[in-house]
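J.: Here you go, one structure.
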2 protein chains.
Amino acid sequence: MRDMDTMRARWERFFAPRSLAVVGASQDPSRIGGRPIAYSLKAGFAGRIYPINPKYDRIQGLKAWPSLAAVPEPVDVVVVAVGQSQVEQVIREGAGKVGGYVVFSAGYKETGEAGRLAEERLARLVADQGAVLLGPNCLGFIAADAGAYPTFTSGFEDVEPVRGGGVAIVTQSGAFGAYLLRLATERGIGASNWVSTGNEAGLTVADLIAYYAEDPGTRIICAYLEGVRDGPRFLEALERVDRAGKLLIVVKVGRTERGAQAARSHTGSLVGSDAAFDAALRGHRAVRAESVREMLELAEAAAIGGVPRGRRYGIVTVSGGAGILMADAALAAGLELPEMPPAVTEPVLARVPFAAPYNPVDITAQTINEPDLLASTLRAMVEHVDLDALAVFLSHVIAAPSLADTLVDAFRAVRERSDLPLHLVGFAPEAVRRRYRELNVLLVEDPAAAVALVAKLAAVADATGPSAATTGGEDPGAPATGEEWAVKAWLRDLGLPVPEGRRVGRPEDAAEAAAAVGFPVAVKLQGEGLLHKTEHGAVRLGLTGPEAVAAAAEALWALGERLGLEGPSLLIEAMAPPGEELLVSVRRDPVFGPLLIFGLGGIWTEVLRDVRTELASASEKRLAEGLRALRGAGVLLGARGGPSYDLDALARFLGRVGRVGAGLLSRDPDAMELELNPVRVSVDGIRILDAVLYRR
Amino acid sequence: MRDMDTMRARWERFFAPRSLAVVGASQDPSRIGGRPIAYSLKAGFAGRIYPINPKYDRIQGLKAWPSLAAVPEPVDVVVVAVGQSQVEQVIREGAGKVGGYVVFSAGYKETGEAGRLAEERLARLVADQGAVLLGPNCLGFIAADAGAYPTFTSGFEDVEPVRGGGVAIVTQSGAFGAYLLRLATERGIGASNWVSTGNEAGLTVADLIAYYAEDPGTRIICAYLEGVRDGPRFLEALERVDRAGKLLIVVKVGRTERGAQAARSHTGSLVGSDAAFDAALRGHRAVRAESVREMLELAEAAAIGGVPRGRRYGIVTVSGGAGILMADAALAAGLELPEMPPAVTEPVLARVPFAAPYNPVDITAQTINEPDLLASTLRAMVEHVDLDALAVFLSHVIAAPSLADTLVDAFRAVRERSDLPLHLVGFAPEAVRRRYRELNVLLVEDPAAAVALVAKLAAVADATGPSAATTGGEDPGAPATGEEWAVKAWLRDLGLPVPEGRRVGRPEDAAEAAAAVGFPVAVKLQGEGLLHKTEHGAVRLGLTGPEAVAAAAEALWALGERLGLEGPSLLIEAMAPPGEELLVSVRRDPVFGPLLIFGLGGIWTEVLRDVRTELASASEKRLAEGLRALRGAGVLLGARGGPSYDLDALARFLGRVGRVGAGLLSRDPDAMELELNPVRVSVDGIRILDAVLYRR
């Protein structure tokens with residue numbers, strides 16, 4: 001991983017440039033080489049612009065230069081808008097004086113092997129200069145606050161982004177990213193920074209998340225991703241978002257397998273598994289939006305109302321129906337509706353005896369006749385109740401000319417007393433909407449959507465930040481082979497709970513070993529490459545005496561011969577007490593490294609795929625949350641009349657397995673997965689009943 | 001149930017009135033008694049308006065009348081805008097000449113017992129006249145196409161609904177319903193009919209659904225419901241929607257228990273269980289929207305693009321990213337993406353070799369330079385592929401002045417060849433949007449939302465209509481008692497599969513009975529009121545010989561004595577072969593009548609609540625779909641390496657249980673639930689292992 005702090009100074013020069021050069025500059029403001037100049041001129045870019053094209057003396061009213069080499073001063077950003085074959089020459093000319101390059105040109109990795117090699121050469125050339133590279137095959141970027149538009153998207157011909165709104169959009173897809181910016185602009189969202197990363201030979205989306213996390217003018221980062229190529233860099237970016245207290249909103253495609261395949265063919269990115277991506281986001285100040293619309297709504301809500309600090313939600317309504325609908329949606333989404341104290345309810349009931357001012361606080365349509373009732377109720381709520389967000393359903397009456405001023409005053413009075421996210425649910429024309437926006441009150445038309453925004457943003461309140469990860473793997477050594485007996489011996493040495501057992505090399509020794517272990521025992525055939533022991537009938541359970549053990553040992557030995565097993569042996573183990581069974585696995589993800597995957601056994605994993613994926617470095621707190629988030633968690637908590645197990649102890653066990661597994665995978669590049677299946681959880685502890693190490 | 005066809009003529013007079021009277025008329029157009037007159041005048045109501053108020057000679061420029069009695073002609077609609085105490089007098093004056101009454105007045109059922117009695121009197125008075133009653137405690141209705149506005153909602157002071165759009169909105173909540181209408185109007189949805197039903201002493205939402213289903217001017221009905229009071233009437237309305245080929249879109253609150261409680265306190269409605277409501281909608285031309293926004297989007301999509309006839313979905317895109325996102329969402333929502341034939345792919349590849357014109361058909365941003373490529377691709381798709389809906393992602397380029405005409409022409413050419421739902425995903429200002437609307441092409445900004453609309457509407461294609469219900473229950477007689485032995489004897493007589501068994505009155509006779517049944521057997525204690533036999537230890541399974549049976553019989557008899565069981569006996573039954581276990585129950589719903597509830601046993605029901613609720617009259621086809629929709633369906637289909645069972649045979653069994661149970665519940669008003677738990681499904685058939693009848 002490159003040191004982001006070192007890169008930072010270069011990136012600052014690049015994204016807040018004081019000079020721009022456009023190689024392949026065009027007179028035509030609608031051509032690829034013309035747009036960056038036209039847009040920047042129109043936006044009042046205060047720095048110097050160097051149009052470069054040997055055919056002209058002047059371009060779009062500016063002095064033109066014959067080549068980049070001819071430009072006598074340093075240039076912060078060079079836009080490369082020439083054919084692929086000419087790009088390397090341009091870069092060479094910039095050596096020593098250019099802050100960074102925006103390469104529009106296509107014909108690289110996306111076209112095949114020759115393109116991939118050309119892209120590698122390009123990246124090396126730029127890196128050798130200590131310069132920044134955006135692209136190739138990208139749409140460029142905008143820094144609207146500075147008026148810099150090194151981009152050729154057509155999206156700014158008729159509109160200009162809103163400046164100074166504190167929202168940065170970073171996108172892997174240029175065309176789709178441009179659309180996102182256009183929709184944001186239409187909604188009035190201040191997306192003044194926008195970057196399209198294209199092939200990501202240099203800057204990646206992760207870099208840009210890290211950069212904007214620490215940009216003083218940015219509060220919210222919206223990222224559109226098709227894949228993550230460098231998991232650790234992405235994780236570092238998330239930690240920077242946490243440390244800076246910013247909010248990251250991600251849309252990532254590829255939830256379904258077909259979608260993931262399409263993404264792969266589209267970008268050539270290595271797409272990490274979607275579950276691994278979710279595991280990476282979890283616990284950070286990051287939310288995953290399911291759609292572009294949700295992303296924009298979340299960005300708008302966070303920008304205007306702020307991010308709730310928890311799940312305590314207050315609902316005020318003038319319509320019983322809307323109150324029910326919102327309460328329903330809130331509870332279904334995991335929000336809490338605190339009860340209202342007499343300080344809130346009594347003044348309402350004194351004025352409107354048939355009101356139901358609980359939570360939802362239904363102050364009835366009477367409010368339309370007595371708007372000060374709304375004002376006093378809102379004030380009482382923020383003064384007497386510990387709320388993390390407050391929504392008020394007023395429908396289209398907020399637009400009524402006779403009420404508009406009074407209602408705005410009511411919200412102003414609340415805003416003076418509290419900075420909590422305040423959402424007004426109703427319809428109003430733009431003029432009224434603007435007045436609320438000035439008070440940082442978000443106007444939402446749909447009651448359910450208003451609730452969904454709070455529920456989604458409230459999850460960020462759980463962000464545990466960098467502390468979520470432990471200090472990483474330990475070096476646990478490695479088992480002698482991938483067989484059960486060897487993996488278990490290794491686990492036992494590490495202090496992990498494995499049943500008491502003996503391994504014997506001849507069936508004749510089994511009974512004696514069983515006596516030493518203590519009856520009842522299990523006898524299990526061992527041998528290189530023997531998988532799915534139960535299906536092969538290679539396990540005998542609950543044997544209560546020496547005769548039974550001897551008979552089982554002979555039968556299994558014969559089975560081993562039939563299977564042609566190399567180096568057979570027998571494992572004689574103490575039976576474990578009854579309980580519930582889990583599957584626990586540490587698996588290598590090509591992008592995010594070792595993952596810890598766990599779930600209940602049987603139908604839970606086989607039919608319902610009810611497993612949780614976490615980074616192997618996840619904290620015990622997060623693992624305990626993960627256990628509770630299993631759909632089958634009830635089974636561990638006594639749902640079927642069984643005992644309730646100690647989930648914290650189980651989380652500690654999982655945490656240790658994660659560290660041990662991560663250490664193993666990190667020291668042995670051929671080790672692919674350490675699978676413990678089943679792990680038996682019983683009232684007197686945890687036992688690993690089977691274990692295997694899969695190597696490449 | 002009233003005969004809806006008889007009522008129809010009265011309703012037609014009421015909802016397309018040629019005369020309006022307003023009792024309690026006001027000079028002030030913003031007062032409750034003033035608005036109906038002011039709105040109707042402004043909207044150009046062509047019929048006569050009779051303002052009634054003894055204090056004035058003229059009201060809002062019209063001749064005023066001292067009383068309803070004084071009006072010399074028949075009146076189609078009388079708006080009653082006076083205090084509750086005067087309402088009955090008004091109704092009496094209208095006898096014989098009034099088509100129907102809109103009663104704004106409150107103070108009825110919602111206030112308590114006296115109000116409830118007043119409401120009953122009001123309903124009887126109106127019914128005795130053969131007139132229609134809307135309300136009391138309602139906001140009235142509008143029939144915008146006729147200019148009739150017998151309503152006092154404030155929503156029409158500054159806007160007028162869109163006429164002639166074929167959308168009717170019916171709502172139980174007046175305030176929320178008015179908001180819904182306002183939002184619809186702001187979106188340009190032609191909601192020209194709108195009705196608020198208030199306390200529903202007369203017309204209910206179900207009546208109005210039935211009415212608008214057969215109204216020639218209506219294509220889409222939007223209903224906002226807090227509860228359904230009369231299940232059969234609601235079901236009849238759904239069947240009328242099916243027969244007329246219309247579309248019903250429902251928002252119903254009360255998904256969570258707390259929401260349902262709030263709804264109850266709010267409206268005094270009997271709220272049927274939410275699962276029963278979903279069961280009622282299923283198989284009809286009805287979709288349940290989760291939010292107001294979704295309702296309006298669905299209405300707009302159905303009004304403009306039409307309702308897809310199936311799930312075959314085509315996606316065309318100029319952005320790979322958007323294509324992935326939409327394909328992902330489509331597959332996750334259960335849509336199909338048919339492969340594209342060479343007739344579609346080859347012309348694209350010939351022009352743009354790096355395109356990926358499969359499905360999503362990615363024609364790349366090249367289209368911006370060659371818009372005829374889009375036109376020819378769309379034409380080829382509708383000519384050569386059997387599609388139910390087609391979406392085209394074009395982003396904000398559709399707004400580009402240089403492309404707008406060409407793109408509209410491309411869509412016009414498609415529209416001339418096909419009437420399939422055609423959705424354009426992108427952003428455009430209103431002027432461009434209108435041009436597409438004229439072609440019945442829906443413009444949607446969010447790619448995921450576009451997919452969701454198609455997926456939700458496509459479910460209507462499965463509507464099986466009235467045939468979904470069988471001819472109802474049979475008269476199956478009744479068991480002698482609710483005990484297992486009696487219920488099983490009754491089920492056996494009906495031909496339902498019950499294990500071979502004998503009942504004995506003394507433990508001494510058990511072994512002989514077992515020999516007659518054939519070993520192995522189960523012995524089960526019987527007795528009035530003995531529930532949860534397994535927990536009491538009152539069942540012994542797998543007994544293989546006479547001694548074991550005798551011992552078990554003695555032990556169970558002693559247990560019966562300890563429990564103080566009335567009329568004990570023993571049931572000796574053949575053991576059933578192994579298999580999977582189901583819970584099957586026929587339960588009385590206060591609103592929708594007998595429901596059939598089924599699910600897999602064990603954790604599936606106990607932990608996961610994975611049960612399906614259907615009307616007991618559901619067809620076998622629907623029950624088979626219900627089985628396949630269980631999350632645990634895989635267990636019945638061999639997911640865990642077990643056998644795959646015959647789900648159609650199981651559906652036939654469920655259908656018979658539904659008919660038998662419905663018949664039993666209908667002949668015995670104290671019978672609440674027939675529970676068969678477990679039912680064992682094995683490779684050689686189905687067996688009811690336990691059965692009980694719960695009576696009130």
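Note on naming: chains are A, B, ... as they come in the structure tokens, residues start from 1 per chain, ligands start from 1 in the order shown.
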Mind the document's chain letters and residue numbers, and return as a count of residues only the residues of range 327-486 of chain A that DSSP labels alpha helix (DSSP H).

T.: 71

J.: Would you please work out which residue, of B:Leu650, B:Val195, B:Ala633, B:Ala522, is nearest to Glu620 in chain B when using only C-alpha atoms?

T.: B:Leu650

J.: Which residues, written as a count of residues only, have at least one atom at most 12 Å from Leu637 in chain A, with only C-alpha atoms counted and residues fewer than 3 positions away on the same chain left out?

T.: 22

J.: Quick one: residues within 10 Å of Leu125 in chain B, only C-alpha atoms counted, chain neighbours fewer than 5 positions away excluded, as an NGL selection string?

T.: :B and (88 or 91-92 or 95 or 119-120 or 130-131 or 133)

J.: Write the residues you've just listed into a file as a PDB file, in the first residue's frame, and include N, CA and C atoms for each of them.

T.:
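Output contents, as saved in part_11.pdb:
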```pdb
ATOM      1  N   GLU B  88     -80.168  14.217  11.423  1.00  0.00           N
ATOM      2  CA  GLU B  88     -81.323  13.341  11.174  1.00  0.00           C
ATOM      3  C   GLU B  88     -82.492  14.119  10.571  1.00  0.00           C
ATOM      4  N   ILE B  91     -81.940  14.499   6.913  1.00  0.00           N
ATOM      5  CA  ILE B  91     -82.188  13.250   6.170  1.00  0.00           C
ATOM      6  C   ILE B  91     -83.696  13.060   5.998  1.00  0.00           C
ATOM      7  N   ARG B  92     -84.433  13.321   7.058  1.00  0.00           N
ATOM      8  CA  ARG B  92     -85.893  13.125   6.962  1.00  0.00           C
ATOM      9  C   ARG B  92     -86.488  14.018   5.878  1.00  0.00           C
ATOM     10  N   ALA B  95     -86.336  12.613   2.253  1.00  0.00           N
ATOM     11  CA  ALA B  95     -86.972  11.342   1.898  1.00  0.00           C
ATOM     12  C   ALA B  95     -87.690  11.440   0.558  1.00  0.00           C
ATOM     13  N   GLU B 119     -74.998   6.660  14.768  1.00  0.00           N
ATOM     14  CA  GLU B 119     -74.548   6.276  13.434  1.00  0.00           C
ATOM     15  C   GLU B 119     -75.438   5.168  12.858  1.00  0.00           C
ATOM     16  N   GLU B 120     -75.817   4.228  13.725  1.00  0.00           N
ATOM     17  CA  GLU B 120     -76.720   3.163  13.271  1.00  0.00           C
ATOM     18  C   GLU B 120     -78.061   3.737  12.826  1.00  0.00           C
ATOM     19  N   GLY B 130     -83.756   4.187   0.474  1.00  0.00           N
ATOM     20  CA  GLY B 130     -83.122   3.655  -0.737  1.00  0.00           C
ATOM     21  C   GLY B 130     -82.064   4.603  -1.282  1.00  0.00           C
ATOM     22  N   ALA B 131     -81.503   5.427  -0.398  1.00  0.00           N
ATOM     23  CA  ALA B 131     -80.498   6.396  -0.842  1.00  0.00           C
ATOM     24  C   ALA B 131     -79.095   5.911  -0.466  1.00  0.00           C
ATOM     25  N   LEU B 133     -75.302   6.559   1.238  1.00  0.00           N
ATOM     26  CA  LEU B 133     -74.710   7.315   2.339  1.00  0.00           C
ATOM     27  C   LEU B 133     -73.190   7.249   2.250  1.00  0.00           C
TER      28      LEU B 133
END
```

J.: Please determine, counting only C-alpha atoms, which residue among A:Val635, A:Pro338, A:Val460, A:Pro54 has the shortest atom-to-atom distance to Gly245 in chain A.

T.: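 Answer, going by the shortest atom-to-atom distance: A:Val460.
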
J.: Which polymer residues have any atom within 7 Å of an atom of Arg588 in chain A, counting only C-alpha atoms, with same-chain residues fewer than 5 positions away left out, as a list in words?

T.: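 Contacts, in chain order: Gly593, Pro594, Leu595, Met672 and Glu673 of chain A.
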
J.: Please identify all polymer residues within 8 Å of Pro476 in chain A, counting only C-alpha atoms, omitting same-chain residues fewer than 5 positions from it, and present them as a ChimeraX atom specification.

T.: /A:494,660,663-664

J.: From range 229-447 of chain A, collect each residue whose DSSP state is strand (DSSP E or B) and return the set as a PyMOL selection string.

T.: chain A and resi 247-252+286-288+312-317+336+356-357+361-362+389-393+422-425+441-444

J.: Show which residues sit within 8 Å of Leu442 in chain B, as number ranges by chain. Count only C-alpha atoms, and ignore same-chain residues fewer than 5 positions away.

T.: B: 301, 304-305, 422-424, 436-437

J.: For chain A, which of B:Arg695, B:Arg503, B:Arg288, B:Lys252 is the closest residue, counting only C-alpha atoms?

T.: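 Closest residue, counting only C-alpha atoms: B:Lys252.
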
J.: One decimal, Å: what's the distance from CA of Ala618 in chain A over to CA of Thr481 in chain A, could you say?

T.: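 We find that CA of Ala618 in chain A and CA of Thr481 in chain A lie 27.3 Å from each other.
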
J.: Determine the nearest neighbour of Ala184 in chain A from the options A:Glu110, A:Glu300, A:Glu512, A:Asp215, counting only C-alpha atoms.

T.: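 Closest to Ala184 in chain A of all the choices is A:Glu300.
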
J.: Could you tell me how far CA of Glu483 in chain A sits from CA of Leu636 in chain A, in Å to one decimal place?

T.: 29.2 Å

J.: With distances taken over only C-alpha atoms, which of B:Val307, B:Leu582, B:Ala350, B:Ala178 is nearest to Glu606 in chain B?

T.: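 With only C-alpha atoms as the atom set, the closest residue is B:Leu582.
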
J.: What does the distance from CA of Ala175 in chain A to CA of Ser291 in chain A come to in Å, to one decimal?

T.: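 Separating CA of Ala175 in chain A from CA of Ser291 in chain A is a distance of 16.0 Å.
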
J.: Which residue gives the smallest distance to Arg492 in chain A among A:Leu390, A:Ala458, A:Ile688, A:Leu443, with only C-alpha atoms counted?

T.: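 Smallest distance to Arg492 in chain A is found for A:Ile688.
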